[in-house]
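Containing mmCIF, C-alpha atoms and all ligand atoms: coords.cif.
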```
data_query
loop_
_atom_site.label_atom_id
_atom_site.label_comp_id
_atom_site.auth_asym_id
_atom_site.auth_seq_id
_atom_site.Cartn_x
_atom_site.Cartn_y
_atom_site.Cartn_z
CA MET N 49 0.00 0.00 0.00
CA ASN N 50 1.44 3.41 -0.98
CA PRO N 51 1.69 6.05 1.75
CA PRO N 52 -0.86 8.85 1.16
CA ALA N 53 0.37 12.26 0.01
CA ASP N 54 -0.39 13.92 3.36
CA GLY N 55 1.82 11.44 5.19
CA VAL N 56 -1.04 10.15 7.37
CA PRO N 57 -1.11 6.35 7.13
CA ASP N 58 -4.25 4.88 5.56
CA ALA N 59 -6.26 3.28 8.38
CA GLY N 60 -7.73 0.78 5.90
CA PRO N 61 -11.30 -0.52 5.93
CA VAL N 62 -13.23 -0.62 9.19
CA PRO N 63 -12.93 -4.27 10.30
CA PHE N 64 -16.02 -6.46 10.04
CA GLY N 65 -15.85 -7.32 13.74
CA VAL N 66 -16.09 -3.65 14.66
CA ARG N 67 -18.98 -3.07 12.26
CA LEU N 68 -20.87 -6.14 13.43
CA ALA N 69 -20.44 -5.33 17.13
CA ALA N 70 -21.78 -1.81 16.45
CA ALA N 71 -24.75 -3.19 14.49
CA MET N 72 -25.59 -5.68 17.27
CA ASP N 73 -25.42 -2.88 19.80
CA ALA N 74 -27.72 -0.66 17.76
CA ALA N 75 -30.31 -3.21 16.60
CA GLY N 76 -29.95 -6.15 18.98
CA PRO N 77 -28.31 -9.54 18.36
CA LEU N 78 -30.61 -10.70 15.57
CA CYS N 79 -29.82 -11.72 12.01
CA LEU N 80 -32.71 -12.26 9.59
CA GLY N 81 -32.15 -15.24 7.35
CA ILE N 82 -33.54 -14.74 3.86
CA ASP N 83 -34.48 -18.27 2.81
CA PRO N 84 -36.79 -18.13 -0.21
CA HIS N 85 -38.08 -21.70 0.05
CA PRO N 86 -40.63 -22.65 -2.65
CA GLY N 87 -43.26 -23.14 0.08
CA LEU N 88 -42.68 -19.66 1.50
CA LEU N 89 -42.88 -18.11 -1.97
CA ALA N 90 -46.25 -19.83 -2.38
CA ASP N 91 -47.41 -18.61 1.04
CA TRP N 92 -46.50 -15.08 -0.06
CA ASP N 93 -48.47 -15.61 -3.27
CA LEU N 94 -45.31 -15.33 -5.32
CA PRO N 95 -44.21 -17.54 -8.22
CA ASP N 96 -41.26 -19.89 -7.73
CA THR N 97 -39.28 -17.93 -10.33
CA PRO N 98 -36.58 -15.24 -10.30
CA VAL N 99 -39.37 -12.63 -10.34
CA GLY N 100 -40.87 -14.12 -7.18
CA LEU N 101 -37.41 -14.39 -5.65
CA GLU N 102 -36.73 -10.71 -6.30
CA ARG N 103 -40.01 -9.57 -4.74
CA PHE N 104 -39.45 -11.83 -1.73
CA SER N 105 -35.87 -10.63 -1.20
CA MET N 106 -36.59 -6.93 -1.56
CA THR N 107 -39.59 -7.14 0.79
CA ALA N 108 -37.46 -8.82 3.45
CA LEU N 109 -34.80 -6.15 2.97
CA GLU N 110 -37.40 -3.39 3.24
CA ALA N 111 -38.60 -4.81 6.56
CA ALA N 112 -35.07 -5.24 7.89
CA ALA N 113 -33.69 -1.91 6.78
CA GLU N 114 -36.16 0.24 8.69
CA GLY N 115 -35.94 0.26 12.45
CA PRO N 116 -36.45 3.01 15.03
CA GLY N 117 -32.79 4.03 15.05
CA GLY N 118 -31.67 2.57 11.72
CA ALA N 119 -31.75 -1.08 10.65
CA ALA N 120 -34.16 -3.40 12.48
CA VAL N 121 -31.60 -6.21 12.51
CA ALA N 122 -27.84 -6.47 12.90
CA ALA N 123 -27.45 -8.44 9.67
CA LEU N 124 -29.16 -10.29 6.84
CA LYS N 125 -28.19 -13.82 5.86
CA PRO N 126 -29.37 -14.84 2.38
CA GLN N 127 -29.28 -18.60 1.90
CA VAL N 128 -27.31 -18.98 -1.34
CA ALA N 129 -28.68 -22.42 -2.34
CA LEU N 130 -32.18 -21.04 -2.63
CA TYR N 131 -30.91 -18.47 -5.17
CA GLU N 132 -28.66 -20.97 -6.98
CA ARG N 133 -31.61 -23.25 -7.68
CA HIS N 134 -32.84 -20.56 -10.09
CA GLY N 135 -29.53 -20.56 -12.00
CA SER N 136 -27.87 -17.40 -13.24
CA ALA N 137 -31.10 -15.40 -12.94
CA GLY N 138 -31.33 -16.36 -9.27
CA LEU N 139 -27.73 -15.35 -8.65
CA ALA N 140 -28.45 -12.03 -10.35
CA VAL N 141 -31.22 -11.47 -7.80
CA LEU N 142 -28.75 -12.27 -5.03
CA GLU N 143 -26.28 -9.75 -6.46
CA ARG N 144 -28.97 -7.07 -6.42
CA LEU N 145 -30.01 -7.96 -2.87
CA LEU N 146 -26.42 -7.73 -1.62
CA ARG N 147 -25.94 -4.38 -3.39
CA GLN N 148 -29.24 -2.91 -2.11
CA ALA N 149 -28.47 -4.06 1.43
CA ARG N 150 -25.10 -2.30 1.23
CA HIS N 151 -26.85 0.91 0.09
CA ALA N 152 -29.33 0.54 2.96
CA GLY N 153 -26.50 0.12 5.47
CA VAL N 154 -27.44 -3.43 6.48
CA LEU N 155 -24.65 -5.99 6.92
CA THR N 156 -24.89 -9.17 4.86
CA ILE N 157 -23.68 -12.72 5.54
CA ALA N 158 -23.80 -14.89 2.42
CA ASP N 159 -24.74 -18.36 3.62
CA ALA N 160 -22.77 -20.27 1.00
CA LYS N 161 -20.97 -22.80 3.26
CA ARG N 162 -17.94 -22.88 0.96
CA GLY N 163 -14.77 -24.92 1.49
CA ASP N 164 -12.12 -26.27 -0.91
CA ILE N 165 -8.42 -27.02 -1.24
CA GLY N 166 -6.29 -23.91 -0.83
CA SER N 167 -5.67 -23.06 -4.50
CA THR N 168 -9.34 -23.07 -5.47
CA MET N 169 -10.51 -21.76 -2.11
CA ALA N 170 -8.97 -18.50 -3.27
CA GLY N 171 -11.59 -18.40 -6.04
CA TYR N 172 -14.46 -18.80 -3.57
CA ALA N 173 -12.88 -16.17 -1.35
CA GLU N 174 -12.73 -13.69 -4.22
CA ALA N 175 -16.33 -14.42 -5.21
CA TRP N 176 -17.75 -13.52 -1.79
CA LEU N 177 -15.16 -11.27 -0.16
CA ALA N 178 -13.34 -9.20 -2.80
CA ASP N 179 -14.25 -5.52 -3.07
CA ASP N 180 -14.96 -5.65 -6.80
CA SER N 181 -16.92 -8.92 -6.88
CA PRO N 182 -20.59 -8.68 -7.94
CA LEU N 183 -21.41 -11.14 -5.12
CA ALA N 184 -19.38 -9.37 -2.41
CA ALA N 185 -21.02 -9.68 1.00
CA ASP N 186 -19.79 -8.48 4.40
CA ALA N 187 -19.16 -12.07 5.44
CA VAL N 188 -19.56 -15.63 4.17
CA THR N 189 -20.15 -18.98 5.87
CA LEU N 190 -17.42 -21.61 5.36
CA SER N 191 -17.15 -25.37 5.90
CA PRO N 192 -13.87 -26.63 7.45
CA PHE N 193 -14.27 -30.23 6.23
CA LEU N 194 -11.11 -29.97 4.11
CA GLY N 195 -9.15 -28.82 7.14
CA TYR N 196 -9.26 -25.46 8.90
CA GLY N 197 -5.99 -24.39 7.25
CA SER N 198 -7.50 -24.82 3.77
CA LEU N 199 -9.72 -21.82 4.51
CA ALA N 200 -6.74 -19.45 4.89
CA PRO N 201 -7.30 -17.66 1.55
CA ALA N 202 -10.76 -16.60 2.75
CA VAL N 203 -9.62 -15.67 6.26
CA ASP N 204 -6.79 -13.57 4.82
CA LEU N 205 -8.95 -11.82 2.22
CA ALA N 206 -11.67 -11.11 4.78
CA GLU N 207 -9.14 -9.47 7.06
CA ALA N 208 -7.64 -7.44 4.22
CA THR N 209 -10.97 -6.12 2.96
CA GLY N 210 -12.67 -5.48 6.32
CA ARG N 211 -14.93 -8.49 5.90
CA GLY N 212 -15.57 -11.64 7.93
CA VAL N 213 -16.08 -15.39 7.77
CA PHE N 214 -18.28 -17.70 9.85
CA ILE N 215 -16.85 -21.20 10.07
CA LEU N 216 -19.08 -24.19 10.89
CA ALA N 217 -18.06 -25.53 14.31
CA LEU N 218 -21.12 -27.11 15.92
CA THR N 219 -24.08 -27.18 13.58
CA SER N 220 -27.74 -27.30 14.50
CA ASN N 221 -28.58 -30.48 12.55
CA PRO N 222 -28.48 -33.87 14.31
CA GLU N 223 -26.12 -35.38 11.70
CA GLY N 224 -23.40 -32.84 12.47
CA ALA N 225 -22.33 -34.60 15.68
CA SER N 226 -20.92 -37.61 13.79
CA VAL N 227 -18.14 -35.40 12.42
CA GLN N 228 -17.96 -32.46 14.82
CA HIS N 229 -17.91 -34.47 18.07
CA ALA N 230 -15.36 -36.95 16.69
CA VAL N 231 -11.92 -37.03 18.29
CA PRO N 232 -9.09 -37.31 15.74
CA GLU N 233 -7.10 -40.54 16.20
CA ASP N 234 -3.76 -38.75 16.39
CA GLY N 235 -5.16 -36.68 19.24
CA ALA N 236 -3.36 -33.67 17.85
CA ALA N 237 -6.32 -31.45 18.55
CA GLY N 238 -6.51 -32.59 22.16
CA GLY N 239 -10.23 -33.04 21.76
CA SER N 240 -13.06 -33.03 19.23
CA VAL N 241 -13.04 -31.66 15.70
CA ALA N 242 -15.31 -28.83 16.90
CA ARG N 243 -12.74 -27.97 19.55
CA ALA N 244 -9.91 -27.90 17.00
CA VAL N 245 -11.94 -25.51 14.81
CA THR N 246 -12.73 -23.32 17.82
CA GLU N 247 -9.11 -23.13 18.93
CA ALA N 248 -7.88 -22.35 15.41
CA ALA N 249 -10.41 -19.52 15.09
CA ALA N 250 -9.29 -18.13 18.46
CA ARG N 251 -5.67 -18.10 17.24
CA ASP N 252 -6.59 -16.28 14.01
CA ASN N 253 -8.63 -13.68 15.91
CA ALA N 254 -5.91 -13.11 18.51
CA ARG N 255 -3.45 -12.43 15.70
CA ALA N 256 -5.86 -10.13 13.83
CA LEU N 257 -6.89 -8.21 16.95
CA GLU N 258 -3.31 -7.70 18.08
CA GLY N 259 -2.72 -4.92 15.60
CA GLN N 260 -6.20 -3.44 15.96
CA ALA N 261 -6.72 -0.34 18.07
CA ALA N 262 -10.47 -0.61 18.78
CA ALA N 263 -10.98 -2.42 22.07
CA ALA N 264 -14.72 -2.22 22.58
CA VAL N 265 -17.83 -1.11 20.74
CA GLY N 266 -20.68 -0.09 23.03
CA SER N 267 -21.38 -2.89 25.45
CA ARG N 268 -19.36 -5.61 23.71
CA PRO N 269 -15.75 -6.11 22.66
CA ALA N 270 -15.04 -5.79 18.95
CA PHE N 271 -14.81 -9.18 17.30
CA GLY N 272 -12.00 -10.54 15.16
CA PRO N 273 -12.72 -11.46 11.52
CA VAL N 274 -13.34 -15.16 12.22
CA GLY N 275 -16.75 -16.01 13.57
CA LEU N 276 -18.09 -19.49 14.23
CA VAL N 277 -21.42 -21.11 13.47
CA VAL N 278 -22.74 -22.73 16.63
CA GLY N 279 -26.30 -24.01 16.44
CA ALA N 280 -28.66 -22.44 18.95
CA THR N 281 -30.15 -25.89 19.54
CA VAL N 282 -26.81 -27.49 20.45
CA ALA N 283 -25.00 -24.65 22.25
CA GLY N 284 -25.33 -26.54 25.54
CA GLN N 285 -23.03 -29.27 24.15
CA ALA N 286 -20.13 -26.83 23.76
CA ALA N 287 -19.05 -26.98 27.41
CA ARG N 288 -19.14 -30.80 27.44
CA LEU N 289 -16.88 -30.81 24.37
CA GLY N 290 -14.47 -28.41 26.06
CA LEU N 291 -15.14 -25.53 23.64
CA ASP N 292 -14.11 -22.12 24.97
CA LEU N 293 -16.58 -20.11 22.91
CA ALA N 294 -16.07 -16.88 24.86
CA GLY N 295 -12.34 -17.17 24.22
CA VAL N 296 -12.79 -17.17 20.43
CA ARG N 297 -13.14 -13.37 20.37
CA GLY N 298 -15.31 -13.73 17.28
CA ALA N 299 -19.06 -13.52 16.73
CA LEU N 300 -21.07 -16.73 17.14
CA LEU N 301 -23.70 -17.08 14.45
CA ALA N 302 -26.46 -19.16 16.03
CA PRO N 303 -29.04 -20.70 13.68
CA GLY N 304 -31.88 -22.67 15.19
CA PHE N 305 -33.63 -19.76 16.92
CA GLY N 306 -37.31 -19.95 16.04
CA ALA N 307 -38.32 -22.68 13.59
CA GLN N 308 -35.79 -25.25 14.89
CA GLY N 309 -36.97 -24.80 18.47
CA ALA N 310 -34.39 -22.66 20.32
CA SER N 311 -35.73 -19.73 22.35
CA GLY N 312 -34.09 -16.67 23.89
CA VAL N 313 -34.13 -18.40 27.28
CA SER N 314 -32.65 -21.69 26.05
CA MET N 315 -29.95 -19.85 24.09
CA ARG N 316 -28.81 -17.76 27.06
CA ALA N 317 -28.56 -20.92 29.14
CA GLY N 318 -26.77 -22.86 26.39
CA PHE N 319 -24.20 -20.19 25.52
CA GLY N 320 -23.52 -19.05 29.09
CA ALA N 321 -20.53 -16.70 29.28
CA ALA N 322 -20.34 -16.52 25.48
CA TRP N 323 -23.80 -14.95 25.17
CA PRO N 324 -22.54 -11.38 24.40
CA ALA N 325 -20.92 -12.76 21.23
CA VAL N 326 -24.05 -14.50 19.97
CA LEU N 327 -25.79 -13.34 16.81
CA ALA N 328 -29.00 -15.36 16.68
CA THR N 329 -30.31 -16.02 13.21
CA SER N 330 -33.86 -16.90 12.29
CA SER N 331 -35.38 -17.43 8.86
CA ARG N 332 -38.70 -19.27 8.54
CA ALA N 333 -40.21 -18.18 11.87
CA ILE N 334 -39.96 -14.52 10.85
CA LEU N 335 -40.51 -14.90 7.11
CA ALA N 336 -43.80 -16.71 7.86
CA ARG N 337 -45.09 -13.32 9.12
CA GLY N 338 -44.93 -11.92 5.56
CA PRO N 339 -45.66 -10.89 2.92
CA ALA N 340 -46.79 -7.65 4.57
CA VAL N 341 -43.81 -5.52 5.61
CA ALA N 342 -45.67 -4.58 8.80
CA GLY N 343 -46.06 -8.25 9.75
CA LEU N 344 -42.38 -8.93 9.11
CA ARG N 345 -41.36 -5.93 11.22
CA GLU N 346 -43.63 -7.14 14.02
CA GLY N 347 -41.86 -10.54 13.83
CA LEU N 348 -38.46 -8.85 13.96
CA ARG N 349 -39.45 -6.70 16.95
CA ALA N 350 -40.75 -9.74 18.83
CA ALA N 351 -37.57 -11.72 18.09
CA VAL N 352 -35.28 -8.88 19.20
CA GLY N 353 -37.43 -8.46 22.33
CA GLU N 354 -37.06 -12.15 23.13
CA LEU N 355 -33.27 -11.92 22.75
CA THR N 356 -32.81 -8.72 24.74
CA GLY N 357 -35.64 -8.95 27.28
O1 LIG T 1 -24.78 -21.82 8.46
C1 LIG T 1 -25.98 -21.72 8.73
O2 LIG T 1 -26.54 -20.65 8.62
C2 LIG T 1 -26.66 -22.87 9.33
C3 LIG T 1 -25.89 -23.70 10.11
C4 LIG T 1 -26.52 -24.65 10.93
O3 LIG T 1 -25.89 -25.33 11.73
N1 LIG T 1 -27.87 -24.77 10.88
C5 LIG T 1 -28.65 -23.99 10.06
O4 LIG T 1 -29.89 -24.13 10.10
N2 LIG T 1 -28.05 -23.07 9.23
C6 LIG T 1 -28.85 -22.26 8.30
O5 LIG T 1 -29.68 -21.37 9.05
C7 LIG T 1 -30.96 -21.26 8.44
C8 LIG T 1 -32.00 -21.72 9.45
O6 LIG T 1 -33.29 -21.43 8.98
P1 LIG T 1 -34.58 -21.51 9.94
O7 LIG T 1 -34.55 -22.84 10.58
O8 LIG T 1 -35.71 -21.35 8.97
O9 LIG T 1 -34.48 -20.37 10.91
C9 LIG T 1 -30.91 -22.08 7.17
O10 LIG T 1 -30.57 -21.19 6.11
C10 LIG T 1 -29.78 -23.05 7.39
O11 LIG T 1 -29.09 -23.40 6.21
#
```
Represent the structure of the file as structure tokens.
Ligand SMILES: O=C(O)c1cc(=O)[nH]c(=O)n1[C@@H]1O[C@H](COP(=O)(O)O)[C@@H](O)[C@H]1O
Amino acid sequence: MNPPADGVPDAGPVPFGVRLAAAMDAAGPLCLGIDPHPGLLADWDLPDTPVGLERFSMTALEAAAEGPGGAAVAALKPQVALYERHGSAGLAVLERLLRQARHAGVLTIADAKRGDIGSTMAGYAEAWLADDSPLAADAVTLSPFLGYGSLAPAVDLAEATGRGVFILALTSNPEGASVQHAVPEDGAAGGSVARAVTEAAARDNARALEGQAAAAVGSRPAFGPVGLVVGATVAGQAARLGLDLAGVRGALLAPGFGAQGASGVSMRAGFGAAWPAVLATSSRAILARGPAVAGLREGLRAAVGELTG
């Protein structure tokens, strides 16, 4: 990076962890998942086509963008598969949603669950995290199945561009335990796969936060660029598996709130000391309140109330 003409060093982009902590402070710890399932499109009287997808997405954004003091939610999480199933026209809708959300000042987490060997992981990283990509989001979800280290191109690019990643650690589905609870035979991780992922994320965040001046945003510490996905329905298992979630110093994206059965009360109990880092995400339970924007906003208010009350 060239030094600027006035000699003042370029501070670079505002880190994702700082922006997310500020958004959670302002709107509450809720992320609205935008999951345009065919059944929901039908319930909203919309066709299962790119036109229906566009109407669905922009209505959800309209509801989320308007809150009393700004956005009604801390972030939006479009589920990429449900756009991909419409092919290139669906991805074009996703591009427009991500762009409009940026204009509206709402953070976006592309739920793409990407993961690949290092050389091609760089391609996925550029697709979701590079400044000039049409699909650039503020953060992307990643799968560590090819090894945590294989995700380095995405972690590095996120840090460089002021973006973030959320890495699957303990997922909300029952099948996840067969991999995530497993203890590697060589014992190198000193515990389960989920624990190895958690400890690696903590190391990356410690390194990233070392050079960062901002210590706290409002009532919570600024997060590093590496968040984890920890299902709201399984958070209580973290302690048994020896996961130090509070020590990650990253946000904890918690799906399972709402339709999958987790409540504000059960999440607080399950996450314990890590609760200030939790960003609960809910899709169907809130989207079912549509298609009226007023109904969606009522759903968002109720969900934020449940999480903050
Ligand atoms: O990465 C995710 O977002 C995710 C991880 C996980 O462990 N469980 C999980 O449900 N999700 C996603 O979170 C959303 C949950 O949707 P609802 O159950 O409708 O709130 C879906 O888009 C899932 O793909």
Protein and nucleic acid residues within 9 Å of ligand LIG 1 (chain T) (only C-alpha atoms and all ligand atoms) as a PDB file with C-alpha atoms, keeping the file's coordinate frame:
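Listing of part-v9.pdb after writing:
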```pdb
ATOM      1  CA  LEU N  80     -32.710 -12.260   9.590  1.00  0.00           C
ATOM      2  CA  GLY N  81     -32.150 -15.240   7.350  1.00  0.00           C
ATOM      3  CA  ILE N  82     -33.540 -14.740   3.860  1.00  0.00           C
ATOM      4  CA  ASP N  83     -34.480 -18.270   2.810  1.00  0.00           C
ATOM      5  CA  LYS N 125     -28.190 -13.820   5.860  1.00  0.00           C
ATOM      6  CA  PRO N 126     -29.370 -14.840   2.380  1.00  0.00           C
ATOM      7  CA  GLN N 127     -29.280 -18.600   1.900  1.00  0.00           C
ATOM      8  CA  VAL N 128     -27.310 -18.980  -1.340  1.00  0.00           C
ATOM      9  CA  ALA N 129     -28.680 -22.420  -2.340  1.00  0.00           C
ATOM     10  CA  LEU N 130     -32.180 -21.040  -2.630  1.00  0.00           C
ATOM     11  CA  ILE N 157     -23.680 -12.720   5.540  1.00  0.00           C
ATOM     12  CA  ALA N 158     -23.800 -14.890   2.420  1.00  0.00           C
ATOM     13  CA  ASP N 159     -24.740 -18.360   3.620  1.00  0.00           C
ATOM     14  CA  ALA N 160     -22.770 -20.270   1.000  1.00  0.00           C
ATOM     15  CA  LYS N 161     -20.970 -22.800   3.260  1.00  0.00           C
ATOM     16  CA  THR N 189     -20.150 -18.980   5.870  1.00  0.00           C
ATOM     17  CA  LEU N 190     -17.420 -21.610   5.360  1.00  0.00           C
ATOM     18  CA  SER N 191     -17.150 -25.370   5.900  1.00  0.00           C
ATOM     19  CA  PHE N 214     -18.280 -17.700   9.850  1.00  0.00           C
ATOM     20  CA  ILE N 215     -16.850 -21.200  10.070  1.00  0.00           C
ATOM     21  CA  LEU N 216     -19.080 -24.190  10.890  1.00  0.00           C
ATOM     22  CA  ALA N 217     -18.060 -25.530  14.310  1.00  0.00           C
ATOM     23  CA  LEU N 218     -21.120 -27.110  15.920  1.00  0.00           C
ATOM     24  CA  THR N 219     -24.080 -27.180  13.580  1.00  0.00           C
ATOM     25  CA  SER N 220     -27.740 -27.300  14.500  1.00  0.00           C
ATOM     26  CA  ASN N 221     -28.580 -30.480  12.550  1.00  0.00           C
ATOM     27  CA  GLY N 224     -23.400 -32.840  12.470  1.00  0.00           C
ATOM     28  CA  VAL N 277     -21.420 -21.110  13.470  1.00  0.00           C
ATOM     29  CA  VAL N 278     -22.740 -22.730  16.630  1.00  0.00           C
ATOM     30  CA  GLY N 279     -26.300 -24.010  16.440  1.00  0.00           C
ATOM     31  CA  ALA N 280     -28.660 -22.440  18.950  1.00  0.00           C
ATOM     32  CA  THR N 281     -30.150 -25.890  19.540  1.00  0.00           C
ATOM     33  CA  LEU N 301     -23.700 -17.080  14.450  1.00  0.00           C
ATOM     34  CA  ALA N 302     -26.460 -19.160  16.030  1.00  0.00           C
ATOM     35  CA  PRO N 303     -29.040 -20.700  13.680  1.00  0.00           C
ATOM     36  CA  GLY N 304     -31.880 -22.670  15.190  1.00  0.00           C
ATOM     37  CA  PHE N 305     -33.630 -19.760  16.920  1.00  0.00           C
ATOM     38  CA  GLY N 306     -37.310 -19.950  16.040  1.00  0.00           C
ATOM     39  CA  ALA N 307     -38.320 -22.680  13.590  1.00  0.00           C
ATOM     40  CA  GLN N 308     -35.790 -25.250  14.890  1.00  0.00           C
ATOM     41  CA  GLY N 309     -36.970 -24.800  18.470  1.00  0.00           C
ATOM     42  CA  THR N 329     -30.310 -16.020  13.210  1.00  0.00           C
ATOM     43  CA  SER N 330     -33.860 -16.900  12.290  1.00  0.00           C
ATOM     44  CA  SER N 331     -35.380 -17.430   8.860  1.00  0.00           C
ATOM     45  CA  ARG N 332     -38.700 -19.270   8.540  1.00  0.00           C
ATOM     46  CA  ALA N 333     -40.210 -18.180  11.870  1.00  0.00           C
ATOM     47  CA  ILE N 334     -39.960 -14.520  10.850  1.00  0.00           C
ATOM     48  CA  LEU N 335     -40.510 -14.900   7.110  1.00  0.00           C
TER      49      LEU N 335
END
```
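Note that the spacing between CA of Ala208 in chain N and CA of Ala244 in chain N amounts to 24.2 Å.
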Using all atoms listed in the file, which protein or nucleic acid residues come within 12 Å of Leu146 in chain N? Drop anything in the same chain fewer than 5 positions from it, and give the result as a PyMOL selection string. chain N and resi 82+102+105-106+109+123-128+139-141+151-159+176-177+181-188
Spatial sel., origin (-42.8, -21.6, -5.1), limit 12 Å, all atoms listed in the file, listed as a PDB file with C-alpha atoms, in the frame of the given file:
```pdb
ATOM      1  CA  ASP N  83     -34.480 -18.270   2.810  1.00  0.00           C
ATOM      2  CA  PRO N  84     -36.790 -18.130  -0.210  1.00  0.00           C
ATOM      3  CA  HIS N  85     -38.080 -21.700   0.050  1.00  0.00           C
ATOM      4  CA  PRO N  86     -40.630 -22.650  -2.650  1.00  0.00           C
ATOM      5  CA  GLY N  87     -43.260 -23.140   0.080  1.00  0.00           C
ATOM      6  CA  LEU N  88     -42.680 -19.660   1.500  1.00  0.00           C
ATOM      7  CA  LEU N  89     -42.880 -18.110  -1.970  1.00  0.00           C
ATOM      8  CA  ALA N  90     -46.250 -19.830  -2.380  1.00  0.00           C
ATOM      9  CA  ASP N  91     -47.410 -18.610   1.040  1.00  0.00           C
ATOM     10  CA  TRP N  92     -46.500 -15.080  -0.060  1.00  0.00           C
ATOM     11  CA  ASP N  93     -48.470 -15.610  -3.270  1.00  0.00           C
ATOM     12  CA  LEU N  94     -45.310 -15.330  -5.320  1.00  0.00           C
ATOM     13  CA  PRO N  95     -44.210 -17.540  -8.220  1.00  0.00           C
ATOM     14  CA  ASP N  96     -41.260 -19.890  -7.730  1.00  0.00           C
ATOM     15  CA  THR N  97     -39.280 -17.930 -10.330  1.00  0.00           C
ATOM     16  CA  PRO N  98     -36.580 -15.240 -10.300  1.00  0.00           C
ATOM     17  CA  VAL N  99     -39.370 -12.630 -10.340  1.00  0.00           C
ATOM     18  CA  GLY N 100     -40.870 -14.120  -7.180  1.00  0.00           C
ATOM     19  CA  LEU N 101     -37.410 -14.390  -5.650  1.00  0.00           C
ATOM     20  CA  PHE N 104     -39.450 -11.830  -1.730  1.00  0.00           C
ATOM     21  CA  LEU N 130     -32.180 -21.040  -2.630  1.00  0.00           C
ATOM     22  CA  ARG N 133     -31.610 -23.250  -7.680  1.00  0.00           C
ATOM     23  CA  HIS N 134     -32.840 -20.560 -10.090  1.00  0.00           C
TER      24      HIS N 134
END
```
Selection: 8 Å around Leu78 in chain N, all atoms listed in the file, excl. self and same-chain fewer than 5 positions, as a list in words: Met72, Val121, Ala122, Ala123, Leu327, Ala328, Thr329, Ser330, Ala351, Val352 and Leu355 of chain N
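With distances restricted to all atoms listed in the file, N:Pro201 is the closest residue to Met169 in chain N from N:Pro192, N:Pro201, N:Gly295, N:Gly239.
Between CA of Glu110 in chain N and CA of Gly312 in chain N lies a distance of 24.8 Å.
From CA of Leu199 in chain N back to CA of Gly166 in chain N, the distance works out to 6.7 Å.
Of the listed residues N:Glu233, N:Gly284, N:Leu68, N:Glu174, the one whose atoms come nearest to Leu205 in chain N is N:Glu174, with distances taken using all atoms listed in the file.
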7 Å contact set for Ala119 in chain N, all atoms listed in the file, chain neighbours under 3 positions out, as a ChimeraX atom specification: /N:75,112-115,154
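Residue nearest Ala230 in chain N within the list N:Arg243, N:Arg103, N:Arg211, N:Arg251: N:Arg243 [criterion: smallest interatomic distance, only C-alpha atoms].
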Put a box with edges along x, y and z around all the listed atoms of range 244-261 of chain N, pad it by 6 Å on each side, then give me its centre and sizes in Å, one decimal, as AutoDock Vina command-line options.
```
--center_x -7.7 --center_y -14.1 --center_z 16.4 --size_x 22.0 --size_y 39.6 --size_z 17.1
```
I want to know what sits within 7 Å of range 321-326 of chain N, based on all atoms listed in the file, with residues of the same chain fewer than 2 positions away left out; could you give that as a PDB file with C-alpha atoms, in the coordinates of the input?
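The result, written out as out03.pdb:
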```pdb
ATOM      1  CA  PRO N  77     -28.310  -9.540  18.360  1.00  0.00           C
ATOM      2  CA  ARG N 268     -19.360  -5.610  23.710  1.00  0.00           C
ATOM      3  CA  LEU N 293     -16.580 -20.110  22.910  1.00  0.00           C
ATOM      4  CA  ALA N 294     -16.070 -16.880  24.860  1.00  0.00           C
ATOM      5  CA  GLY N 298     -15.310 -13.730  17.280  1.00  0.00           C
ATOM      6  CA  ALA N 299     -19.060 -13.520  16.730  1.00  0.00           C
ATOM      7  CA  LEU N 300     -21.070 -16.730  17.140  1.00  0.00           C
ATOM      8  CA  LEU N 301     -23.700 -17.080  14.450  1.00  0.00           C
ATOM      9  CA  ALA N 302     -26.460 -19.160  16.030  1.00  0.00           C
ATOM     10  CA  ARG N 316     -28.810 -17.760  27.060  1.00  0.00           C
ATOM     11  CA  PHE N 319     -24.200 -20.190  25.520  1.00  0.00           C
ATOM     12  CA  ALA N 328     -29.000 -15.360  16.680  1.00  0.00           C
TER      13      ALA N 328
END
```
